[in-house]
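Engineer: Encoded as structure tokens, here's the structure I'll be asking about.
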Amino acid sequence: MTLPSRHALVPFVSVDNMMKLVLHIGIEPMMVELADAIEADFRRWPEFDKTPRVASHSDIGVIELMPTSDGQQYGFKYVNGHPSNTRQGLQTVTAFGVLADVATGYPVLLSEMTILTALRTAATSAMAAKWLAPRDARVMAMIGNGAQAEFQALAMKAVCGIEEVRLYDIDPSATRKCAANLAGRGLRVVSCTTAEDAILGAQIITTCTADKQYATILTDNLVGGGVHINAVGGDCPGKTELHRDILLRAGIFVEYPPQTRIEGEIQQLAPDHPVTELWQVITGQTQGRTDATQVTLFDSVGFAIEDFSALRHIHRRLQGTRFFQDLDMIADPDDPRDLFGMICRAEAPASVA
Ligand code: NAD
């Protein structure tokens with residue numbers, strides 16, 4: 001099936017179709033493709049409109065809008081973060097997004113993005129680790145074994161060659177779920193009962209927990225030299241995972257500083273504490289890891305360009321598939337000024353008694 005040529009019909013990727021598309025491509029190949037797509041867009045970072053996301057906070061969560069444009073296309077994501085949701089059987093993070101044509105302003109894609117966010121977050125983590133982690137990294141600790149965890153583990157396997165993942169969660173049932181899902185996928189999976197045990201021998205430490213508070217998932221004494229920390233869960237004001245002392249001795253790499261200063265681990269530091277923008281490492285303008293003993297930290301919060309890359313990639317990958325429906329969501333009368341007349345013409349003729 002080709003994407004609709006009548007510009008008023010908008011291809012829509014439902015959750016069901018996203019799952020079919022991901023299974024059609026393969027989970028790991030999909031994350032490799034997404035990591036490549038995101039990296040390609042990080043290489044042209046200056047071309048994008050950038051703004052910290054627009055956040056609406058409540059006591060128990062946040063709802064955010066994440067827009068960006070490269071001048072040709074515009075994208076935005078609606079995303080929430082509600083750590084207490086899982087207690088009611090709901091997801092912590094859900095999302096959907098739109099890609100639009102800048103020339104006309106017409107949307108060209110509407111997509112579920114709960115699954116796509118998990119895929120793009122993992123792909124971004126793996127892309128960052130590819131540039132920052134020790135070259136011989138084969139073991140990753142995965143602290144927080146919720147919805148994002150399996151994606152993080154498999155992206156690190158597919159992109160960085162991780163062979164062993166060491167799981168820890170304060171809720172053992174999350175670790176059991178994660179271990180069961182990862183079984184038979186080519187990773188050695190070790191379930192641990194403490195964070196300390198999980199990071200034993202790990203060259204990459206991923207923290208991906210959810211709690212709306214300044215949590216201390218990792219203390220300074222736990223983190224040895226030479227590791228790469230992929231801190232995913234601290235992504236809101238008042239919601240962090242690492243002890244400040246770790247930040248003080250780490251080389252810190254971020255997506256978009258104006259957003260990360262508000263939301264990331266570095267909200268614990270002075271506003272002028274030096275950080276490096278990841279895109280500058282990728283384009284060779286700045287050095288990444290300086291030596292084998294350096295602690296590198298990717299202070300991930302999730303930035304709009306990653307969602308834009310993911311939406312564009314999905315749009316490309318839909319071509320020739322049946323994994324979308326045409327949505328009649330843009331009113332587009334034949335005479336563009338006759339919006340009212342279009343409604344009148346749609347009125348059913350009065351039935352003759
Ligand atoms: P989730 O609620 O499904 O899982 C979180 C897990 O963390 C749970 O299993 C919970 O038991 C565990 N946990 C909480 N406190 C812990 C602690 N002290 N030690 C160990 N485990 C602990 O959430 P999720 O969808 O997997 O998301 C995880 C985090 O990642 C959230 O905070 C979310 O906001 C964030 N996130 C960030 C990005 C990004 O781009 N940086 C993208 C998506 C999600």
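Letters A, B, ... go to the chains of the structure tokens in the order shown; residues in each chain start at 1; ligands are counted from 1 in the same order.
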With only C-alpha atoms and all ligand atoms counted and 7 Å as the cut-off, give the residues of chain A in contact with ligand 1, each with its shortest interatomic distance in Å and the pair that gives it, as a tab-separated table.
Structural biologist:
```
residue	atom	partner	partner_atom_place_in_ligand_line	distance
A:Gly81	CA	ligand 1	34 (O)	5.2
A:Pro83	CA	ligand 1	2 (O)	5.4
A:Thr86	CA	ligand 1	2 (O)	6.0
A:Gln91	CA	ligand 1	3 (O)	6.4
A:Thr92	CA	ligand 1	2 (O)	4.9
A:Val93	CA	ligand 1	25 (O)	5.2
A:Thr117	CA	ligand 1	43 (C)	6.3
A:Ala118	CA	ligand 1	43 (C)	6.0
A:Thr121	CA	ligand 1	40 (O)	4.9
A:Ile143	CA	ligand 1	20 (C)	5.4
A:Gly144	CA	ligand 1	7 (O)	3.9
A:Asn145	CA	ligand 1	9 (O)	4.8
A:Gly146	CA	ligand 1	4 (O)	3.2
A:Ala147	CA	ligand 1	26 (O)	3.8
A:Gln148	CA	ligand 1	26 (O)	3.9
A:Ala149	CA	ligand 1	26 (O)	5.9
A:Tyr168	CA	ligand 1	20 (C)	6.2
A:Asp169	CA	ligand 1	21 (N)	3.7
A:Ile170	CA	ligand 1	20 (C)	4.4
A:Asp171	CA	ligand 1	11 (O)	4.7
A:Ala174	CA	ligand 1	9 (O)	5.1
A:Cys208	CA	ligand 1	28 (C)	4.6
A:Thr209	CA	ligand 1	7 (O)	3.4
A:Ala210	CA	ligand 1	32 (O)	3.5
A:Asp211	CA	ligand 1	14 (C)	5.7
A:Ala215	CA	ligand 1	18 (N)	6.6
A:Thr216	CA	ligand 1	18 (N)	6.9
A:Ile217	CA	ligand 1	18 (N)	5.2
A:Val232	CA	ligand 1	41 (N)	4.2
A:Gly233	CA	ligand 1	30 (O)	3.6
A:Gly234	CA	ligand 1	32 (O)	5.9
A:Asp235	CA	ligand 1	41 (N)	5.8
A:Ser300	CA	ligand 1	41 (N)	4.5
A:Val301	CA	ligand 1	41 (N)	3.5
A:Gly302	CA	ligand 1	40 (O)	3.2
A:Phe303	CA	ligand 1	40 (O)	6.8
```
Engineer: Save out the residues we just selected, N, CA and C atoms, as a compact mmCIF listing (two decimals), in the first residue's frame.
Structural biologist:
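What follows is the written file out-v3.txt:
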```
# COMPACT_ATOMS: atom_id res chain seq x y z
N GLY A 81 4.35 11.46 32.02
CA GLY A 81 5.19 10.69 32.93
C GLY A 81 4.51 10.66 34.29
N PRO A 83 4.76 8.22 37.48
CA PRO A 83 5.35 7.04 38.11
C PRO A 83 4.35 6.20 38.91
N THR A 86 1.54 2.78 37.42
CA THR A 86 1.62 1.31 37.36
C THR A 86 0.82 0.66 38.49
N GLN A 91 0.35 2.55 32.27
CA GLN A 91 1.75 2.83 31.92
C GLN A 91 2.23 4.11 32.60
N THR A 92 3.52 4.14 32.98
CA THR A 92 4.12 5.39 33.47
C THR A 92 4.20 6.42 32.34
N VAL A 93 4.61 5.95 31.17
CA VAL A 93 4.81 6.84 30.02
C VAL A 93 3.92 6.40 28.86
N THR A 117 8.46 5.54 21.62
CA THR A 117 9.32 6.23 22.59
C THR A 117 10.28 5.24 23.25
N ALA A 118 9.78 4.06 23.60
CA ALA A 118 10.67 3.06 24.21
C ALA A 118 11.78 2.69 23.23
N THR A 121 14.15 5.82 22.74
CA THR A 121 14.95 6.10 23.94
C THR A 121 16.10 5.11 24.04
N ILE A 143 19.31 -1.04 35.98
CA ILE A 143 18.64 -0.77 37.26
C ILE A 143 17.32 -0.07 36.98
N GLY A 144 16.23 -0.72 37.38
CA GLY A 144 14.88 -0.33 36.96
C GLY A 144 14.49 -1.25 35.82
N ASN A 145 13.60 -2.18 36.10
CA ASN A 145 13.27 -3.22 35.11
C ASN A 145 11.82 -3.09 34.64
N GLY A 146 11.38 -1.83 34.45
CA GLY A 146 10.01 -1.58 34.01
C GLY A 146 9.86 -1.60 32.51
N ALA A 147 8.93 -0.80 32.00
CA ALA A 147 8.54 -0.86 30.58
C ALA A 147 9.70 -0.62 29.63
N GLN A 148 10.64 0.25 29.99
CA GLN A 148 11.73 0.59 29.05
C GLN A 148 12.85 -0.45 29.03
N ALA A 149 12.93 -1.29 30.06
CA ALA A 149 14.16 -2.03 30.35
C ALA A 149 14.62 -2.97 29.23
N TYR A 168 18.38 -5.30 38.12
CA TYR A 168 17.95 -5.05 39.50
C TYR A 168 16.78 -4.07 39.49
N ASP A 169 15.79 -4.39 40.33
CA ASP A 169 14.64 -3.49 40.54
C ASP A 169 14.21 -3.66 42.00
N ILE A 170 13.72 -2.59 42.62
CA ILE A 170 13.23 -2.74 44.00
C ILE A 170 12.04 -3.69 44.04
N ASP A 171 11.39 -3.86 42.92
CA ASP A 171 10.26 -4.79 42.85
C ASP A 171 10.72 -6.06 42.12
N ALA A 174 9.26 -7.13 38.77
CA ALA A 174 9.70 -6.44 37.54
C ALA A 174 10.93 -7.13 36.97
N CYS A 208 17.12 3.36 35.01
CA CYS A 208 15.86 3.66 34.33
C CYS A 208 14.70 3.39 35.28
N THR A 209 14.73 4.14 36.39
CA THR A 209 13.71 3.96 37.42
C THR A 209 12.69 5.11 37.32
N ALA A 210 11.57 4.92 37.98
CA ALA A 210 10.54 5.96 37.95
C ALA A 210 10.09 6.29 39.36
N ASP A 211 10.33 7.51 39.76
CA ASP A 211 9.92 7.97 41.08
C ASP A 211 9.96 9.49 41.03
N ALA A 215 15.80 10.75 43.96
CA ALA A 215 16.16 9.42 44.45
C ALA A 215 17.67 9.25 44.35
N THR A 216 18.22 8.30 45.09
CA THR A 216 19.64 7.99 44.93
C THR A 216 19.75 6.51 44.58
N ILE A 217 19.69 6.25 43.29
CA ILE A 217 19.78 4.87 42.80
C ILE A 217 21.23 4.42 42.86
N VAL A 232 18.68 7.36 32.48
CA VAL A 232 17.49 7.58 31.67
C VAL A 232 16.30 8.08 32.50
N GLY A 233 16.24 7.64 33.75
CA GLY A 233 15.01 7.86 34.53
C GLY A 233 14.84 9.25 35.12
N GLY A 234 15.93 9.99 35.32
CA GLY A 234 15.82 11.35 35.87
C GLY A 234 15.53 12.30 34.73
N ASP A 235 14.27 12.69 34.59
CA ASP A 235 13.92 13.47 33.40
C ASP A 235 12.87 14.54 33.69
N SER A 300 20.47 11.50 29.99
CA SER A 300 19.37 11.44 29.02
C SER A 300 18.07 11.99 29.63
N VAL A 301 17.43 12.88 28.89
CA VAL A 301 16.08 13.30 29.29
C VAL A 301 15.06 13.05 28.18
N GLY A 302 15.58 12.85 26.95
CA GLY A 302 14.69 12.67 25.80
C GLY A 302 14.42 14.01 25.15
N PHE A 303 14.88 14.16 23.89
CA PHE A 303 14.71 15.45 23.22
C PHE A 303 13.91 15.30 21.93
```
Engineer: I need the residues in range 21-249 of chain A that are strand (DSSP E or B) according to DSSP; give them as a ChimeraX atom specification.
Structural biologist: /A:49,54-57,62-69,73-81,95-101,107-112,139-143,164-168,188-191,204-207,214-218,228-231,236,239-242
Engineer: Write down as a PyMOL selection string the residues belonging to range 118-292 of chain A that are assigned alpha helix (DSSP H) by DSSP computed on the backbone.
Structural biologist: chain A and resi 118-132+149-160+172-182+195-198+244-249+257-263+278-282
Engineer: So, counting only C-alpha atoms, which residue among A:Ala55, A:Ala100, A:Val223, A:Leu110 is closest to Asp328 in chain A?
Structural biologist: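 Smallest distance to Asp328 in chain A is found for A:Leu110.
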Engineer: Would you kindly return, as a list of chain:residue names, each protein, DNA or RNA residue with an atom no farther than 6 Å from any atom of Phe324 in chain A, considering only C-alpha atoms and excluding same-chain residues fewer than 2 positions away?
Structural biologist: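 Once the adjacent positions are removed, what remains is A:Pro11, A:Phe12, A:Val13, A:Arg322.
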Engineer: How would the residues just chosen look if you wrote them out with N, CA, C and O atoms as a PDB file, in the first residue's frame?
Structural biologist:
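Produced file result31.pdb, reproduced below:
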```pdb
ATOM      1  N   PRO A  11      -2.031   9.206   7.126  1.00  0.00           N
ATOM      2  CA  PRO A  11      -1.750   7.849   7.599  1.00  0.00           C
ATOM      3  C   PRO A  11      -1.639   7.826   9.130  1.00  0.00           C
ATOM      4  O   PRO A  11      -0.960   8.680   9.718  1.00  0.00           O
ATOM      5  N   PHE A  12      -2.305   6.858   9.726  1.00  0.00           N
ATOM      6  CA  PHE A  12      -2.315   6.726  11.188  1.00  0.00           C
ATOM      7  C   PHE A  12      -1.754   5.355  11.558  1.00  0.00           C
ATOM      8  O   PHE A  12      -2.213   4.331  11.042  1.00  0.00           O
ATOM      9  N   VAL A  13      -0.760   5.337  12.443  1.00  0.00           N
ATOM     10  CA  VAL A  13      -0.193   4.075  12.914  1.00  0.00           C
ATOM     11  C   VAL A  13      -0.732   3.799  14.312  1.00  0.00           C
ATOM     12  O   VAL A  13      -0.373   4.478  15.278  1.00  0.00           O
ATOM     13  N   ARG A 322       1.112  -2.466   4.831  1.00  0.00           N
ATOM     14  CA  ARG A 322      -0.298  -2.229   5.163  1.00  0.00           C
ATOM     15  C   ARG A 322      -0.445  -1.828   6.639  1.00  0.00           C
ATOM     16  O   ARG A 322      -1.514  -1.955   7.215  1.00  0.00           O
TER      17      ARG A 322
END
```
Engineer: Just the residues within 8 Å of Phe298 in chain A, please, counting only C-alpha atoms, with nothing from its chain fewer than 2 positions along; format it as an mmCIF file with all heavy atoms, in the first residue's frame.
Structural biologist:
```cif
data_model
loop_
_atom_site.group_PDB
_atom_site.id
_atom_site.type_symbol
_atom_site.label_atom_id
_atom_site.label_comp_id
_atom_site.auth_asym_id
_atom_site.auth_seq_id
_atom_site.Cartn_x
_atom_site.Cartn_y
_atom_site.Cartn_z
ATOM 1 N N SER A 125 20.068 5.856 23.762
ATOM 2 C CA SER A 125 21.018 5.385 24.789
ATOM 3 C C SER A 125 22.176 4.634 24.138
ATOM 4 O O SER A 125 23.348 4.852 24.478
ATOM 5 C CB SER A 125 20.322 4.408 25.749
ATOM 6 O OG SER A 125 19.409 5.071 26.575
ATOM 7 N N ALA A 128 24.499 6.914 22.185
ATOM 8 C CA ALA A 128 25.391 7.650 23.088
ATOM 9 C C ALA A 128 26.488 6.725 23.619
ATOM 10 O O ALA A 128 27.669 7.100 23.661
ATOM 11 C CB ALA A 128 24.591 8.252 24.242
ATOM 12 N N ALA A 129 26.104 5.503 23.981
ATOM 13 C CA ALA A 129 27.092 4.557 24.531
ATOM 14 C C ALA A 129 28.131 4.187 23.472
ATOM 15 O O ALA A 129 29.310 3.990 23.781
ATOM 16 C CB ALA A 129 26.387 3.313 25.056
ATOM 17 N N HIS A 228 30.617 3.764 31.953
ATOM 18 C CA HIS A 228 29.702 4.706 31.297
ATOM 19 C C HIS A 228 28.341 4.572 31.964
ATOM 20 O O HIS A 228 27.795 3.471 32.053
ATOM 21 C CB HIS A 228 29.591 4.395 29.801
ATOM 22 C CG HIS A 228 28.544 5.223 29.108
ATOM 23 N ND1 HIS A 228 28.653 6.590 28.958
ATOM 24 C CD2 HIS A 228 27.349 4.883 28.540
ATOM 25 C CE1 HIS A 228 27.585 7.055 28.313
ATOM 26 N NE2 HIS A 228 26.777 6.040 28.053
ATOM 27 N N ILE A 229 27.797 5.701 32.436
ATOM 28 C CA ILE A 229 26.463 5.680 33.056
ATOM 29 C C ILE A 229 25.464 6.251 32.065
ATOM 30 O O ILE A 229 25.664 7.339 31.510
ATOM 31 C CB ILE A 229 26.439 6.519 34.362
ATOM 32 C CG1 ILE A 229 27.518 6.018 35.335
ATOM 33 C CG2 ILE A 229 25.062 6.440 35.023
ATOM 34 C CD1 ILE A 229 27.670 6.903 36.574
ATOM 35 N N ASN A 230 24.409 5.485 31.859
ATOM 36 C CA ASN A 230 23.334 5.888 30.954
ATOM 37 C C ASN A 230 22.116 6.157 31.847
ATOM 38 O O ASN A 230 21.384 5.245 32.199
ATOM 39 C CB ASN A 230 23.101 4.717 29.977
ATOM 40 C CG ASN A 230 21.903 4.907 29.089
ATOM 41 O OD1 ASN A 230 21.663 5.993 28.569
ATOM 42 N ND2 ASN A 230 21.137 3.833 28.904
ATOM 43 N N ALA A 231 21.960 7.442 32.241
ATOM 44 C CA ALA A 231 20.941 7.773 33.246
ATOM 45 C C ALA A 231 19.667 8.232 32.532
ATOM 46 O O ALA A 231 19.587 9.359 32.050
ATOM 47 C CB ALA A 231 21.473 8.864 34.168
ATOM 48 N N ILE A 252 30.182 14.853 31.607
ATOM 49 C CA ILE A 252 28.722 14.821 31.433
ATOM 50 C C ILE A 252 28.350 15.208 29.995
ATOM 51 O O ILE A 252 28.771 16.260 29.498
ATOM 52 C CB ILE A 252 28.028 15.768 32.434
ATOM 53 C CG1 ILE A 252 28.413 15.380 33.867
ATOM 54 C CG2 ILE A 252 26.504 15.730 32.254
ATOM 55 C CD1 ILE A 252 27.876 16.314 34.936
ATOM 56 N N PHE A 253 27.531 14.360 29.369
ATOM 57 C CA PHE A 253 27.107 14.556 27.982
ATOM 58 C C PHE A 253 25.587 14.651 27.962
ATOM 59 O O PHE A 253 24.902 13.868 28.626
ATOM 60 C CB PHE A 253 27.609 13.395 27.116
ATOM 61 C CG PHE A 253 29.109 13.314 27.109
ATOM 62 C CD1 PHE A 253 29.795 12.659 28.148
ATOM 63 C CD2 PHE A 253 29.852 13.933 26.118
ATOM 64 C CE1 PHE A 253 31.179 12.614 28.171
ATOM 65 C CE2 PHE A 253 31.242 13.896 26.138
ATOM 66 C CZ PHE A 253 31.913 13.240 27.167
ATOM 67 N N VAL A 254 25.083 15.632 27.202
ATOM 68 C CA VAL A 254 23.641 15.900 27.231
ATOM 69 C C VAL A 254 23.107 16.067 25.806
ATOM 70 O O VAL A 254 23.870 16.217 24.847
ATOM 71 C CB VAL A 254 23.319 17.171 28.054
ATOM 72 C CG1 VAL A 254 23.846 17.049 29.478
ATOM 73 C CG2 VAL A 254 23.879 18.430 27.383
ATOM 74 N N THR A 296 32.030 8.406 32.271
ATOM 75 C CA THR A 296 31.208 9.227 31.378
ATOM 76 C C THR A 296 29.754 9.049 31.772
ATOM 77 O O THR A 296 29.336 7.968 32.203
ATOM 78 C CB THR A 296 31.401 8.819 29.899
ATOM 79 O OG1 THR A 296 31.246 7.410 29.778
ATOM 80 C CG2 THR A 296 32.758 9.248 29.380
ATOM 81 N N SER A 300 20.468 11.496 29.993
ATOM 82 C CA SER A 300 19.365 11.444 29.021
ATOM 83 C C SER A 300 18.073 11.988 29.627
ATOM 84 O O SER A 300 17.684 11.601 30.730
ATOM 85 C CB SER A 300 19.175 9.986 28.607
ATOM 86 O OG SER A 300 17.891 9.766 28.079
#
```
Engineer: Residues at most 7 Å from Ile205 in chain A, counting only C-alpha atoms, excluding those fewer than 2 positions away in the same chain, as a ChimeraX atom specification?
Structural biologist: /A:140-142,199,202-203,207,228-230
Engineer: Write a file of the just-selected residues containing C-alpha atoms, as a CSV table (one decimal), in the first residue's frame.
Structural biologist:
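File written: out_30.csv
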```csv
chain,number,residue,atom,x,y,z
A,140,MET,CA,25.6,-3.7,31.4
A,141,ALA,CA,23.8,-3.2,34.7
A,142,MET,CA,20.1,-2.5,34.2
A,199,ILE,CA,26.9,-3.2,38.8
A,202,ALA,CA,29.5,-3.8,34.4
A,203,GLN,CA,31.2,-1.3,32.1
A,207,THR,CA,19.5,3.6,35.5
A,228,HIS,CA,29.7,4.7,31.3
A,229,ILE,CA,26.5,5.7,33.1
A,230,ASN,CA,23.3,5.9,31.0
```
Engineer: Counting only C-alpha atoms, which residue out of A:Trp279, A:Phe96, A:Phe323, A:Phe308 sits closest to Thr68 in chain A?
Structural biologist: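 Under the stated criterion, the closest residue is A:Phe308.
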Engineer: Find the residues near Ala250 in chain A: any atom within 12 Å, counting only C-alpha atoms, skip ones fewer than 6 places away on the same chain, and give them as a ChimeraX atom specification.
Structural biologist: /A:132,220,223-230,242-244,265-266,273-276,288-291,293-299
Engineer: Which residue is closest to Gly320 in chain A? Choose from A:Arg176, A:Glu263, A:Leu99, A:Leu21 and count only C-alpha atoms.
Structural biologist: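 That would be A:Leu21, the residue with the smallest distance to Gly320 in chain A.
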